[in-house]
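Report on the following structure.
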Amino acid sequence: MPTKLAKKLIRQILLITLISLLVSFGLAYGLFWPKLRDEAHDRAVSASQVIMLSINETMENLDSYGKYTASSNLLADTLEEFNQTATEENRLAVCDVLLELKSISSNMRTMVLISADGTYFQAGTLGKQDEELLESSWVAETMDAQLTHNWSSYYLSDVEQQEQTIVRVSAYTIGGRAYTLLIFYDASALMERIDTLAQSTYTGYILTDYHDGRPGIPFYESGSTGNAEEVAASYLDTEPYDARDSMGYYFVVTIPASGWRLVGYIDRASFNASLVPFVWLLLLICVILGLMVVLLFVPAVRRMLAPLGELGTVMKNVSSQGGDYYSPVQTDDEIGELSDIFNDMLDEMRINASQALEQQSREQHLTYNLMVAQINSHFFYNTLSVISSLARQGRTDDVIRANTALATIFQDCLRPQSTLVGDTVAQEKHIVECYWVIESLDPNNQGVLQ
């Protein structure tokens with residue numbers, strides 16, 4: 001059974017271990033949690049950058065297709081013929097040239113070239129939404145705005161046809177005349193790649209139109225986006241930035257080649273979920289360390305203090321029962337030294353007790369001898385007085401009896417006395433009888449020996 005000291009020491013060890021683990025957990029949490037949070041933030045920003053670069057690359061490719069088309073000599077000559085003779089045949093010839101130029105990319109569904117007077121030349125078939133866009137005021141406003149970058153982008157989504165289209169609008173000069181080129185690009189594969197990348201990082205995201213510091217209306221949304229629209233409208237600079245509110249975290253980048261703004265959103269639960277495994281791992285390490293301390297140190301403390309319990313038991317036995325109890329503890333530490341000191345103390349106590357008993361016996365014997373000597377002096381004087389009285393009275397037999405008894409008493413008093421071996425009962429009785437013989441001859445003594 002563990003000693004009280006062992007129990008106390010074990011409790012102290014467990015308390016110190018618990019405090020150490022809590023402090024270690026707090027320090028690790030304080031040191032590594034911000035770092036992990038920054039890493040999660042960097043991953044989100046990196047995902048935004050990758051999406052931005054992917055859209056940028058697509059827009060730059062569309063611009064390359066537009067420049068290639070606008071620089072075509074065949075298109076310039078065919079347009080010149082149409083401008084000189086505006087017949088349907090010449091218009092269709094321009095459409096055929098555009099169709100041939102469109103074939104350089106399988107993802108370009110349609111190209112539409114619009115002259116300054118509103119004449120349309122198209123390559124390919126226009127869908128219903130395509131026609132609605134061409135008839136909308138957006139095209140006219142874009143053409144009239146004369147934007148400094150000479151381009152604009154528009155996004156169309158046909159749910160029924162499951163088609164997603166990016167319309168790239170660019171202003172070119174062909175053969176000395178101003179034209180507006182609209183490229184209808186099949187963006188289904190692009191948006192699928194963007195969705196896949198965004199879903200692995202964000203809870204949701206939006207794309208908004210953005211030109212010259214003017215916040216646009218979101219035209220594409222995927223997943224839960226929180227307050228992404230308000231966040232996009234609240235910051236008009238083109239530099240990447242991030243924000244947060246009670247709902248979650250927002251990561252915003254502006255895509256310069258398209259005039260769009262991407263706002264990625266991660267709710268707090270999802271953002272923190274990526275960090276939860278670290279917390280569980282840290283807790284598991286602390287629990288394992290605590291168990292190791294309990295399994296290793298507690299038995300060691302019990303074994304180390306077990307001799308102290310044995311020594312305490314021996315001390316209790318000596319205190320309550322006395323007797324020949326010795327401590328069996330033989331260790332090479334302070335407990336062993338204490339056991340040896342205790343055993344030596346017991347030996348000294350027994351020697352001192354024996355010496356004290358012997359000294360007490362000597363003192364008692366000395367006291368007895370002194371008392372006997374004191375009594376004998378008066379007894380001898382009285383006995384001699386009795387004998388003298390008997391002699392005067394002529395009581396010879398009584399004188400002889402008194403002298404014989406007195407001689408016996410003298411003999412007993414003068415023989416060597418031992419403190420270890422006493423007289424027998426018969427000897428003591430004979431001496432008492434001699435005393436009584438003398439006392440009985442004293443005329444003043446009226447006692448009776450029984």
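Convention: chains lettered A, B, ... in structure tokens order; per-chain residue numbering from 1; ligands numbered from 1 as shown.
When DSSP is run on the backbone, the residues of range 159-196 of chain A that fall into helix (DSSP H, G or I) are Ser188, Ala189, Leu190, Met191, Glu192, Arg193, Ile194, Asp195 and Thr196 of chain A.
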Please save C-alpha atoms of the selected residues as a short mmCIF file (atom, residue, chain, number, x, y, z; two decimals), in the first residue's frame.
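This is the output file part-v1.cif:
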data_model
loop_
_atom_site.label_atom_id
_atom_site.label_comp_id
_atom_site.auth_asym_id
_atom_site.auth_seq_id
_atom_site.Cartn_x
_atom_site.Cartn_y
_atom_site.Cartn_z
CA SER A 188 -18.03 25.79 -70.21
CA ALA A 189 -14.69 24.01 -69.80
CA LEU A 190 -13.10 27.15 -68.28
CA MET A 191 -15.87 27.64 -65.75
CA GLU A 192 -15.79 23.95 -64.86
CA ARG A 193 -12.07 24.22 -64.07
CA ILE A 194 -12.68 27.35 -62.04
CA ASP A 195 -15.52 25.69 -60.11
CA THR A 196 -13.37 22.65 -59.34
#
Would you return as number ranges by chain the members of range 189-318 of chain A that DSSP assigns to strand (DSSP E or B) on this structure's backbone?
A: 204-211, 214-223, 241-244, 248-255, 260-267
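Nearest residue to Ser103 in chain A among A:Pro299, A:Gly118, A:Gly124, A:Gly264 is A:Gly124, counting only C-alpha atoms.
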Long-range neighbours of Leu21 in chain A as a CSV table (one decimal) with all heavy atoms, in the first residue's frame, 8 Å cut-off, only C-alpha atoms, 3 positions minimum in chain:
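Okay, part-v3.csv is ready:
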chain,number,residue,atom,x,y,z
A,17,THR,N,2.3,17.9,-13.8
A,17,THR,CA,2.1,17.4,-15.2
A,17,THR,C,1.0,18.0,-15.9
A,17,THR,O,1.1,18.5,-17.1
A,17,THR,CB,2.0,15.8,-15.2
A,17,THR,OG1,3.1,15.2,-14.6
A,17,THR,CG2,1.8,15.3,-16.6
A,18,LEU,N,-0.2,18.1,-15.2
A,18,LEU,CA,-1.4,18.7,-15.8
A,18,LEU,C,-1.1,20.2,-16.1
A,18,LEU,O,-1.4,20.7,-17.2
A,18,LEU,CB,-2.6,18.6,-14.8
A,18,LEU,CG,-3.9,19.2,-15.3
A,18,LEU,CD1,-4.3,18.6,-16.6
A,18,LEU,CD2,-4.9,19.1,-14.2
A,24,SER,N,1.9,24.0,-22.0
A,24,SER,CA,2.5,23.6,-23.3
A,24,SER,C,1.5,23.7,-24.4
A,24,SER,O,1.8,24.2,-25.5
A,24,SER,CB,3.0,22.2,-23.3
A,24,SER,OG,4.0,22.0,-22.3
A,25,PHE,N,0.2,23.3,-24.1
A,25,PHE,CA,-0.8,23.4,-25.1
A,25,PHE,C,-1.1,24.9,-25.5
A,25,PHE,O,-1.3,25.2,-26.7
A,25,PHE,CB,-2.1,22.8,-24.6
A,25,PHE,CG,-3.3,22.9,-25.6
A,25,PHE,CD1,-3.4,22.0,-26.6
A,25,PHE,CD2,-4.2,23.9,-25.4
A,25,PHE,CE1,-4.5,22.1,-27.5
A,25,PHE,CE2,-5.3,24.0,-26.3
A,25,PHE,CZ,-5.4,23.0,-27.3
A,286,CYS,N,-0.6,15.8,-26.0
A,286,CYS,CA,-0.7,16.1,-24.5
A,286,CYS,C,-1.2,15.0,-23.7
A,286,CYS,O,-0.7,14.7,-22.7
A,286,CYS,CB,-1.5,17.4,-24.3
A,286,CYS,SG,-0.8,18.9,-25.0
A,290,GLY,N,0.8,12.9,-20.9
A,290,GLY,CA,0.3,12.7,-19.6
A,290,GLY,C,0.2,11.2,-19.1
A,290,GLY,O,0.6,10.9,-18.0
List the spatial neighbours of Glu100 in chain A as a CSV table (one decimal) with C-alpha atoms, in the first residue's frame - criterion: any atom at most 12 Å away, only C-alpha atoms, same-chain residues fewer than 6 positions off excluded.
chain,number,residue,atom,x,y,z
A,69,THR,CA,-8.9,38.6,-87.2
A,72,SER,CA,-6.4,39.8,-91.8
A,74,LEU,CA,-8.5,39.0,-96.8
A,75,LEU,CA,-11.0,40.4,-94.3
A,93,ALA,CA,-18.6,37.0,-98.4
A,94,VAL,CA,-17.4,38.9,-95.3
A,106,SER,CA,-12.8,25.2,-81.6
A,108,MET,CA,-15.2,30.2,-80.5
A,110,THR,CA,-19.6,32.8,-83.1
A,111,MET,CA,-17.9,36.0,-84.2
A,122,GLN,CA,-21.5,37.1,-88.3
A,123,ALA,CA,-19.7,33.8,-88.5
A,124,GLY,CA,-21.7,30.9,-87.1
Near Thr203 in chain A, counting only C-alpha atoms, which residues have an atom at most 7 Å away, once you skip same-chain residues fewer than 4 positions from it, shown as a ChimeraX atom specification?
/A:199,223-225,265-267
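Of note, CA of Glu310 in chain A and CA of Gln330 in chain A are spaced 10.8 Å apart.
In this comparison, which uses only C-alpha atoms, the residue of A:Ala402, A:Val432, A:Val45, A:Leu311 approaching Pro240 in chain A most closely is A:Val45.
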I'd like the contact shell of Pro328 in chain A - 12 Å cut-off, only C-alpha atoms, skipping same-chain residues fewer than 6 positions apart - returned as a ChimeraX atom specification.
/A:307-315,335-340,342-343
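You will find CA of Ile400 in chain A at 16.7 Å from CA of Ile431 in chain A.
Considering only C-alpha atoms, the residue among A:Ser48, A:Thr383, A:Asn227, A:Gln84 positioned nearest to Asp398 in chain A is A:Thr383.
Using only C-alpha atoms, the contacts of Ser115 in chain A at a cut-off of 12 Å, with sequence neighbours closer than 6 positions omitted, comprise Leu79, Glu80, Phe82, Asn83, Arg91, Val94, Phe121, Gln122, Ala140, Met143, Ala171, Tyr172, Thr173, Ile174, Gly175, Gly176, Arg177, Ala178, Tyr179, Thr180, Leu181 and Leu182 of chain A.
Separating CA of Asp42 in chain A from CA of Ser222 in chain A is a distance of 21.1 Å.
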